[in-house]
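Just below is one structure, and these are the notes that go with it.
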Amino acid sequence: MTSDQMINKVGGNIQEKAALIWNVANTLVGLYKPHEYGLVILPMCIIKRFHDCLLPVHKKVLETYEKIKALEVKDGFLSKASGYQFYNTSKFTFETLVADPDNIADNFEDYINGFSDNVKDILHRMKFEDQIKTMKEGKVLYQVISDFNSAKADMNPEKISAIDMGYIFENLVQRFSESYDEEAGAHFTSRDIIYTMCDLLVSGDKNAFSSDGINKTVYDMTMGTSQMLTCMEERLRQFDKAAVVTSFGQEFNPFTFGIAKADMLIRGGDPDNMQFGDTLNDDKFSGYTFDYIISNPPFGIDWKKEASDIEKESKLGARGRFGAGLPPKSDGQLLFMLNGVAKLKETGRMAIIQNSSSLFSGDAGSGQSEIRRYLIENDWLDAIIQLPNDSFYNTGIATYIWIVTKNKDEKRLGRVQLIDASNCYESRRKNIGNKRVDLTTDCRNLILRAYDEYSDKDYEEKTENGNSIICKSKVLDSVDLGYNKITVESPLLDENGETVKDKKGKIQSDSNKRDYENVPLDEDIDKYFEREVLPYNKASWIDKSKIKVGYEIPFTRTFYVYKQLEKADEIASRIEWHEKSLMEKLRKLFGEE
């Protein structure tokens with residue numbers, strides 16, 4: 001199956017499957033409020049996924065358990081019998097649970113307690129024991145289990161791959177989030193975007209393929225349900241079937257964390273690599289570095305509750321993650337950028353999604369500008385790719401992939417590539433929320449071509465469907481992204497028009513006339529002042545004690561194309577025609593003809 005077919009399958013299958021599962025909520029009406037449905041549905045999906053994975057080996061696990069139940073250490077034997085890093089020693093299955101409605105509560109608790117500790121930890125973080133009690137008291141437990149035993153909730157891994165199961169979970173989490181009316185920044189990343197990020201990471205990695213094949217570590221600091229990690233692993237194994245990919249991730253939402261850890265257990269990875277906690281103030285991977293970092297952190301989300309710990313760490317300077325600068329407390333996305341930079345190997349590469357504010361918000365000397373300065377002056381910022389609008393499930397705003405690396409190719413040293421792929425997409429036949437477009441294989445190949453060729457060039461191609469896709473590339477010298485912000489002072493005059501001086505004879509400045517100029521970083525400040533300011537304000541001067549260096553990414557300006565304005569007489573002629581047309585319609589309306 002091609003990647004495009006897989007993407008279309010996600011669009012066709014996943015929403016339908018998730019909708020069917022979500023319909024279980026009908027059983028919860030009255031007992032739960034709409035925003036609480038996910039408290040039951042998400043853990044039940046995890047339980048059913050584990051159940052359907054283990055069902056073919058249920059008898060074998062029980063037989064093994066009978067043989068070794070007297071032993072003090074059992075995990076190894078039972079995991080070997082199940083073929084997974086988890087197991088269940090209860091005699092019950094969903095089929096036998098629903099066969100005994102009178103004892104459903106006791107039997108279901110027996111089934112839950114039969115799971116290995118790593119599964120029970122997931123359910124405990126979700127506080128599922130509270131929901132069992134609520135459903136038991138509300139007399140809906142049997143119906144919920146029956147609903148999940150139906151064909152619509154079949155989660156057999158032979159029928160639903162780990163990737164697609166992940167997307168079902170993401171769809172359910174999305175519905176859960178929307179019922180809470182969470183911020184638009186808490187969006188979900190579709191497979192086409194992740195593939196684009198993966199391909200950009202690998203394409204620019206001169207160390208991707210060693211003589212022994214691919215052996216990489218991958219980290220996602222805001223992993224959600226871990227689909228970025230799963231797709232990255234899938235993508236690397238498409239390049240090398242024997243690729244060794246070790247994934248690490250952190251997440252602070254107990255529900256999405258539970259899904260991520262469950263997915264890791266089912267896929268046979270190390271569940272200890274999935275850590276729970278807030279990356280910004282509870283870093284579980286301090287001291288770790290990784291080959292690849294791929295992440296879509298929330299934007300527009302404040303970091304007030306983490307402020308004390310973050311500000312404390314920022315004072316550590318280079319010994320911490322946040323020494324370069326702190327953005328406003330209203331938006332913490334650039335803090336995740338700094339966390340990623342701190343965790344990159346010297347040969348590592350990061351693909352991270354940001355919104356447009358990371359490009360230019362913050363004046364010279366501000367936290368945002370200083371973070372951009374940190375990236376650019378260290379020559380770690382490789383490229384920024386603008387994605388098409390409407391690429392995400394629940395936000396239509398402009399988004400960008402930043403490629404950061406500490407090991408640039410020689411031709412890329414001292415330069416930053418900007419790629420405008422906003423018109424490189426194909427429209428979806430069926431929207432998924434706000435997601436109306438896909439980056440198909442043709443689109444991704446065109447973006448990669450622009451990235452690899454590394455030149456000032458516009459690309460346009462026809463897709464297999466006959467649609468036109470456009471991608472534009474510009475390569476800028478890093479110095480062009482910086483500027484010196486100078487403060488221009490003018491003398492303070494009193495009533496008779498003479499300049500005011502202090503006791504030492506120094507001319508006093510008039511704060512009401514104070515002005516600022518941004519001088520390109522590679523231009524002499526004094527020459528700029530003489531050319532651009534003095535001819536218009538001969539008494540002015542520069543307060544050189546206030547000069548600040550700033551950086552911004554002029555994405556829109558870089559790709560701006562001037563359009564010739566229509567001539568005035570043509571505009572007037574068109575207006576006159578519309579007026580005549582309108583008057584004729586009015587006369588007809590009032591029967592004046």
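The chains in the structure tokens are called A, B, ... from first to last as shown; in each chain the residues are counted from 1, and the ligands are counted from 1 in the order shown.
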Quick one: contact table of region 335-410 of chain A to region 290-294 of chain A, 8 Å max, nearest atom pair and distance in Å to one decimal per residue, counting only C-alpha atoms, chain and number order, as a tab-separated table?
```
residue	atom	partner	partner_atom	distance
A:Gly340	CA	A:Ile293	CA	6.9
A:Lys343	CA	A:Phe290	CA	6.2
A:Leu344	CA	A:Phe290	CA	5.3
A:Lys345	CA	A:Phe290	CA	5.4
A:Thr347	CA	A:Asp291	CA	6.8
A:Gly348	CA	A:Asp291	CA	4.4
A:Arg349	CA	A:Tyr292	CA	5.1
A:Met350	CA	A:Ile293	CA	4.5
A:Ala351	CA	A:Ile294	CA	5.0
A:Ile352	CA	A:Ile294	CA	5.8
```
inquiry  = Show me, as number ranges by chain, the residues that have an atom within 10 Å of Glu306 (chain A) when counting only C-alpha atoms, minus same-chain residues fewer than 2 positions from it.
reply    = A: 278-282, 302-304, 308-311, 329
request  = For region 424-430 of chain A, work out the shell of residues within 12 Å, counting only C-alpha atoms and skipping chain neighbours fewer than 5 positions away, then give it as a PyMOL selection string.
outcome  = chain A and resi 4+7-13+15+192-193+196+385-391+419+435-448+450+458-472
Would you mind listing, for every residue of region 42-135 of chain A within 12 Å of region 142-161 of chain A, the two atoms forming the shortest contact and the distance between them in Å to one decimal, using only C-alpha atoms, sorted by chain and ascending residue number, as CSV?
```
residue,atom,partner,partner_atom,distance
A:Leu42,CA,A:Phe148,CA,11.6
A:Pro43,CA,A:Phe148,CA,11.5
A:Met44,CA,A:Phe148,CA,7.7
A:Cys45,CA,A:Phe148,CA,8.0
A:Ile46,CA,A:Met155,CA,9.6
A:Ile47,CA,A:Phe148,CA,9.7
A:Lys48,CA,A:Met155,CA,6.9
A:Arg49,CA,A:Met155,CA,5.4
A:Phe50,CA,A:Met155,CA,8.7
A:His51,CA,A:Met155,CA,8.6
A:Asp52,CA,A:Asn156,CA,5.0
A:Cys53,CA,A:Asn156,CA,6.1
A:Leu54,CA,A:Asn156,CA,9.2
A:Leu55,CA,A:Asn156,CA,8.8
A:Pro56,CA,A:Asn156,CA,9.7
A:Thr93,CA,A:Asn149,CA,9.5
A:Phe94,CA,A:Asn149,CA,6.0
A:Glu95,CA,A:Asn149,CA,6.8
A:Thr96,CA,A:Asn149,CA,10.1
A:Leu97,CA,A:Ile145,CA,7.9
A:Val98,CA,A:Ser146,CA,6.0
A:Ala99,CA,A:Ser146,CA,9.5
A:Asp100,CA,A:Tyr142,CA,9.3
A:Pro101,CA,A:Tyr142,CA,6.4
A:Asp102,CA,A:Tyr142,CA,9.0
A:Asn103,CA,A:Tyr142,CA,9.3
A:Ile104,CA,A:Tyr142,CA,6.1
A:Ala105,CA,A:Tyr142,CA,7.9
A:Asp106,CA,A:Tyr142,CA,11.2
A:Asn107,CA,A:Tyr142,CA,10.6
A:Phe108,CA,A:Ile145,CA,8.9
A:Tyr111,CA,A:Ile145,CA,11.9
A:Gln131,CA,A:Val144,CA,11.5
A:Ile132,CA,A:Val144,CA,10.4
A:Met135,CA,A:Val144,CA,8.6
```
Serialized selection, N, CA and C atoms, as a compact mmCIF listing (two decimals), in the first residue's frame:
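Once written, part09.txt looks like this:
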```
# COMPACT_ATOMS: atom_id res chain seq x y z
N LEU A 42 -12.20 6.19 26.36
CA LEU A 42 -10.78 6.04 26.07
C LEU A 42 -10.15 4.84 26.79
N PRO A 43 -10.32 4.71 28.11
CA PRO A 43 -9.75 3.51 28.75
C PRO A 43 -10.39 2.21 28.28
N MET A 44 -11.68 2.24 27.96
CA MET A 44 -12.32 1.03 27.45
C MET A 44 -11.74 0.63 26.10
N CYS A 45 -11.41 1.62 25.27
CA CYS A 45 -10.75 1.31 23.99
C CYS A 45 -9.39 0.66 24.21
N ILE A 46 -8.66 1.17 25.17
CA ILE A 46 -7.34 0.59 25.48
C ILE A 46 -7.51 -0.85 25.98
N ILE A 47 -8.44 -1.05 26.88
CA ILE A 47 -8.69 -2.40 27.40
C ILE A 47 -9.07 -3.36 26.28
N LYS A 48 -9.98 -2.90 25.40
CA LYS A 48 -10.43 -3.77 24.31
C LYS A 48 -9.30 -4.05 23.32
N ARG A 49 -8.44 -3.06 23.07
CA ARG A 49 -7.30 -3.30 22.18
C ARG A 49 -6.37 -4.35 22.78
N PHE A 50 -6.07 -4.24 24.09
CA PHE A 50 -5.27 -5.27 24.75
C PHE A 50 -5.97 -6.63 24.68
N HIS A 51 -7.25 -6.62 24.94
CA HIS A 51 -8.03 -7.86 24.92
C HIS A 51 -7.93 -8.55 23.56
N ASP A 52 -8.13 -7.78 22.49
CA ASP A 52 -8.15 -8.38 21.16
C ASP A 52 -6.76 -8.82 20.71
N CYS A 53 -5.73 -8.18 21.23
CA CYS A 53 -4.36 -8.64 20.95
C CYS A 53 -4.09 -9.98 21.64
N LEU A 54 -4.59 -10.10 22.87
CA LEU A 54 -4.29 -11.29 23.67
C LEU A 54 -5.24 -12.46 23.42
N LEU A 55 -6.38 -12.20 22.79
CA LEU A 55 -7.40 -13.24 22.65
C LEU A 55 -6.87 -14.52 22.00
N PRO A 56 -6.05 -14.44 20.93
CA PRO A 56 -5.58 -15.68 20.30
C PRO A 56 -4.66 -16.52 21.20
N THR A 93 -13.02 -13.39 29.22
CA THR A 93 -12.86 -12.60 28.01
C THR A 93 -14.12 -11.74 27.91
N PHE A 94 -14.17 -10.84 26.96
CA PHE A 94 -15.37 -10.02 26.80
C PHE A 94 -16.59 -10.90 26.48
N GLU A 95 -16.33 -11.98 25.76
CA GLU A 95 -17.43 -12.88 25.40
C GLU A 95 -18.02 -13.54 26.64
N THR A 96 -17.15 -14.00 27.53
CA THR A 96 -17.67 -14.67 28.73
C THR A 96 -18.18 -13.67 29.76
N LEU A 97 -17.68 -12.45 29.71
CA LEU A 97 -18.18 -11.41 30.61
C LEU A 97 -19.66 -11.12 30.33
N VAL A 98 -19.99 -10.93 29.05
CA VAL A 98 -21.38 -10.57 28.71
C VAL A 98 -22.31 -11.78 28.82
N ALA A 99 -21.73 -12.95 28.95
CA ALA A 99 -22.56 -14.15 29.10
C ALA A 99 -23.10 -14.30 30.53
N ASP A 100 -22.60 -13.47 31.43
CA ASP A 100 -23.01 -13.56 32.83
C ASP A 100 -23.37 -12.17 33.36
N PRO A 101 -24.51 -11.60 32.93
CA PRO A 101 -24.86 -10.23 33.30
C PRO A 101 -25.06 -10.04 34.80
N ASP A 102 -25.48 -11.08 35.52
CA ASP A 102 -25.75 -10.93 36.94
C ASP A 102 -24.48 -10.66 37.76
N ASN A 103 -23.34 -11.10 37.24
CA ASN A 103 -22.08 -10.94 37.99
C ASN A 103 -21.07 -10.06 37.24
N ILE A 104 -21.60 -9.17 36.41
CA ILE A 104 -20.73 -8.41 35.52
C ILE A 104 -19.70 -7.57 36.26
N ALA A 105 -20.07 -6.94 37.37
CA ALA A 105 -19.14 -6.06 38.08
C ALA A 105 -17.98 -6.85 38.67
N ASP A 106 -18.28 -7.91 39.40
CA ASP A 106 -17.22 -8.73 40.02
C ASP A 106 -16.33 -9.36 38.95
N ASN A 107 -16.95 -9.87 37.91
CA ASN A 107 -16.17 -10.53 36.86
C ASN A 107 -15.28 -9.55 36.10
N PHE A 108 -15.80 -8.34 35.86
CA PHE A 108 -15.01 -7.35 35.14
C PHE A 108 -13.83 -6.88 35.99
N TYR A 111 -11.29 -9.42 35.71
CA TYR A 111 -10.59 -9.32 34.42
C TYR A 111 -9.55 -8.20 34.45
N GLN A 131 -14.42 5.05 37.42
CA GLN A 131 -15.46 4.93 36.40
C GLN A 131 -16.17 3.58 36.50
N ILE A 132 -15.44 2.53 36.86
CA ILE A 132 -16.07 1.23 37.06
C ILE A 132 -17.13 1.34 38.16
N MET A 135 -20.12 3.39 36.83
CA MET A 135 -20.95 2.61 35.89
C MET A 135 -21.71 1.50 36.61
```
query = Ser226 (chain A): which residues within 12 Å, counting only C-alpha atoms, same-chain residues fewer than 6 positions away excluded, as a PyMOL selection string?
reply = chain A and resi 162-163+165-167+169-170+188-191+194+218-220+232-233+247-251+255-264+267+271+273-275+294-296
query = Pick from A:Leu31, A:Val119, A:Ile376, A:Val73: nearest to Glu137 (chain A), with only C-alpha atoms counted?
reply =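 The shortest atom-to-atom distance to Glu137 (chain A) comes from A:Leu31.
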Spatial neighbours of region 32-34 of chain A, max dist 12 Å, only C-alpha atoms, sep filter under 3 positions, as a list in words =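 These residues fall inside the cut-off: Trp22, Asn23, Val24, Ala25, Asn26, Thr27, Leu28, Val29, Tyr37, Gly38, Leu39, Val40, Ile41, Gln131, Thr134, Met135, Gly138, Val140, Arg175, Phe176, Ser177, Glu178, Ser179, Tyr180 and Asp181 of chain A.
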query = How many Å separate CA of Gly367 (chain A) from CA of Ile542 (chain A)?
reply = 24.1 Å
ask   = as a ChimeraX atom specification, which residues of region 329-366 of chain A does DSSP assign to helix (DSSP H, G or I)?
value = /A:333-342,357-360
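If you look at CA of Ser330 (chain A) and CA of Pro297 (chain A), they are 14.3 Å away from each other.
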task = Could you give me the residues within region 174-376 of chain A that DSSP places in strand (DSSP E), as a ChimeraX atom specification?
result = /A:215-220,244-251,274-276,290-295,344-355
With N, CA, C and O atoms kept, could you save the residues just selected as a compact mmCIF listing (two decimals), in the first residue's frame?
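The result, written out as selection-v2.txt:
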```txt
# COMPACT_ATOMS: atom_id res chain seq x y z
N ASN A 215 20.31 2.90 12.51
CA ASN A 215 20.22 2.67 13.96
C ASN A 215 20.05 4.03 14.61
O ASN A 215 21.01 4.75 14.81
N LYS A 216 18.80 4.38 14.95
CA LYS A 216 18.51 5.74 15.38
C LYS A 216 17.65 5.78 16.64
O LYS A 216 16.83 4.89 16.90
N THR A 217 17.85 6.85 17.41
CA THR A 217 16.95 7.17 18.52
C THR A 217 16.07 8.33 18.09
O THR A 217 16.53 9.27 17.42
N VAL A 218 14.79 8.28 18.48
CA VAL A 218 13.82 9.30 18.10
C VAL A 218 13.09 9.76 19.36
O VAL A 218 12.68 8.93 20.18
N TYR A 219 12.88 11.07 19.48
CA TYR A 219 12.27 11.64 20.68
C TYR A 219 11.17 12.62 20.30
O TYR A 219 11.33 13.42 19.38
N ASP A 220 10.05 12.52 21.00
CA ASP A 220 8.96 13.48 20.86
C ASP A 220 8.63 14.02 22.24
O ASP A 220 8.17 13.28 23.11
N VAL A 244 16.96 -0.28 13.14
CA VAL A 244 16.79 -0.32 14.60
C VAL A 244 16.39 1.09 15.04
O VAL A 244 17.18 2.02 14.95
N VAL A 245 15.15 1.23 15.47
CA VAL A 245 14.62 2.54 15.86
C VAL A 245 14.14 2.46 17.30
O VAL A 245 13.25 1.66 17.62
N THR A 246 14.73 3.27 18.16
CA THR A 246 14.35 3.29 19.57
C THR A 246 13.66 4.61 19.86
O THR A 246 14.25 5.68 19.70
N SER A 247 12.39 4.53 20.27
CA SER A 247 11.58 5.72 20.46
C SER A 247 11.48 6.12 21.93
O SER A 247 11.41 5.26 22.82
N PHE A 248 11.47 7.44 22.17
CA PHE A 248 11.33 8.01 23.50
C PHE A 248 10.29 9.13 23.42
O PHE A 248 10.25 9.87 22.43
N GLY A 249 9.47 9.25 24.45
CA GLY A 249 8.49 10.33 24.42
C GLY A 249 8.01 10.70 25.80
O GLY A 249 8.09 9.91 26.75
N GLN A 250 7.52 11.93 25.91
CA GLN A 250 6.96 12.41 27.18
C GLN A 250 5.62 13.07 26.91
O GLN A 250 5.43 13.75 25.90
N GLU A 251 4.69 12.89 27.84
CA GLU A 251 3.34 13.44 27.69
C GLU A 251 2.75 13.70 29.07
O GLU A 251 2.98 12.91 30.00
N MET A 274 8.45 5.63 27.46
CA MET A 274 7.30 6.54 27.46
C MET A 274 7.15 7.07 28.88
O MET A 274 6.85 6.31 29.80
N GLN A 275 7.38 8.36 29.06
CA GLN A 275 7.38 8.93 30.40
C GLN A 275 6.25 9.93 30.58
O GLN A 275 5.93 10.70 29.67
N PHE A 276 5.69 9.94 31.78
CA PHE A 276 4.58 10.84 32.11
C PHE A 276 5.10 12.07 32.83
O PHE A 276 5.93 11.97 33.73
N PHE A 290 19.46 12.82 21.35
CA PHE A 290 18.81 11.94 20.38
C PHE A 290 19.25 12.26 18.96
O PHE A 290 19.66 13.38 18.65
N ASP A 291 19.13 11.23 18.09
CA ASP A 291 19.44 11.42 16.67
C ASP A 291 18.39 12.28 15.98
O ASP A 291 18.72 13.18 15.22
N TYR A 292 17.13 11.97 16.26
CA TYR A 292 16.03 12.71 15.64
C TYR A 292 15.06 13.18 16.72
O TYR A 292 14.73 12.43 17.64
N ILE A 293 14.59 14.39 16.55
CA ILE A 293 13.51 14.90 17.38
C ILE A 293 12.39 15.34 16.44
O ILE A 293 12.64 16.07 15.48
N ILE A 294 11.20 14.87 16.70
CA ILE A 294 10.05 15.21 15.87
C ILE A 294 8.91 15.55 16.80
O ILE A 294 8.56 14.76 17.69
N SER A 295 8.33 16.75 16.64
CA SER A 295 7.37 17.18 17.64
C SER A 295 6.44 18.26 17.10
O SER A 295 6.81 19.04 16.23
N LEU A 344 19.49 17.57 21.27
CA LEU A 344 20.01 17.10 19.98
C LEU A 344 21.45 16.62 20.13
O LEU A 344 22.28 17.30 20.72
N LYS A 345 21.72 15.45 19.55
CA LYS A 345 23.12 15.04 19.42
C LYS A 345 23.85 16.03 18.51
O LYS A 345 23.23 16.78 17.77
N GLU A 346 25.16 16.00 18.56
CA GLU A 346 25.94 16.89 17.69
C GLU A 346 25.71 16.57 16.21
O GLU A 346 25.96 17.40 15.34
N THR A 347 25.21 15.38 15.93
CA THR A 347 24.85 15.01 14.56
C THR A 347 23.33 14.91 14.39
O THR A 347 22.84 14.38 13.39
N GLY A 348 22.59 15.40 15.39
CA GLY A 348 21.15 15.22 15.40
C GLY A 348 20.40 16.25 14.57
O GLY A 348 20.92 17.29 14.19
N ARG A 349 19.12 15.92 14.31
CA ARG A 349 18.25 16.80 13.53
C ARG A 349 16.86 16.84 14.16
O ARG A 349 16.37 15.82 14.63
N MET A 350 16.26 18.02 14.14
CA MET A 350 14.93 18.19 14.72
C MET A 350 13.98 18.80 13.70
O MET A 350 14.33 19.75 13.00
N ALA A 351 12.76 18.24 13.63
CA ALA A 351 11.66 18.83 12.87
C ALA A 351 10.57 19.15 13.88
O ALA A 351 10.06 18.26 14.55
N ILE A 352 10.24 20.43 13.99
CA ILE A 352 9.29 20.87 15.00
C ILE A 352 8.31 21.86 14.38
O ILE A 352 8.72 22.72 13.59
N ILE A 353 7.05 21.73 14.69
CA ILE A 353 6.03 22.61 14.12
C ILE A 353 5.82 23.81 15.02
O ILE A 353 5.75 23.69 16.25
N GLN A 354 5.72 24.98 14.39
CA GLN A 354 5.47 26.24 15.09
C GLN A 354 4.43 27.03 14.31
O GLN A 354 4.25 26.82 13.10
N ASN A 355 3.76 27.96 14.99
CA ASN A 355 2.90 28.87 14.24
C ASN A 355 3.69 30.12 13.86
O ASN A 355 4.88 30.23 14.14
```
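Taking CA of Asn253 (chain A) as the reference point, CA of Val173 (chain A) is found at 10.6 Å.
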key: Given only C-alpha atoms as the counted atoms, nearest of A:Ile403, A:Ala364, A:Leu172, A:Ala568 to Asp199 (chain A)   =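 That would be A:Ile403, the residue with the smallest distance to Asp199 (chain A).
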request  = Point out the residue among A:Ile122, A:Leu236, A:Leu492, A:Ile525 with the least atom-to-atom distance to Asn512 (chain A), counting only C-alpha atoms.
outcome  =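 Smallest separation from Asn512 (chain A) among the options: A:Leu492.
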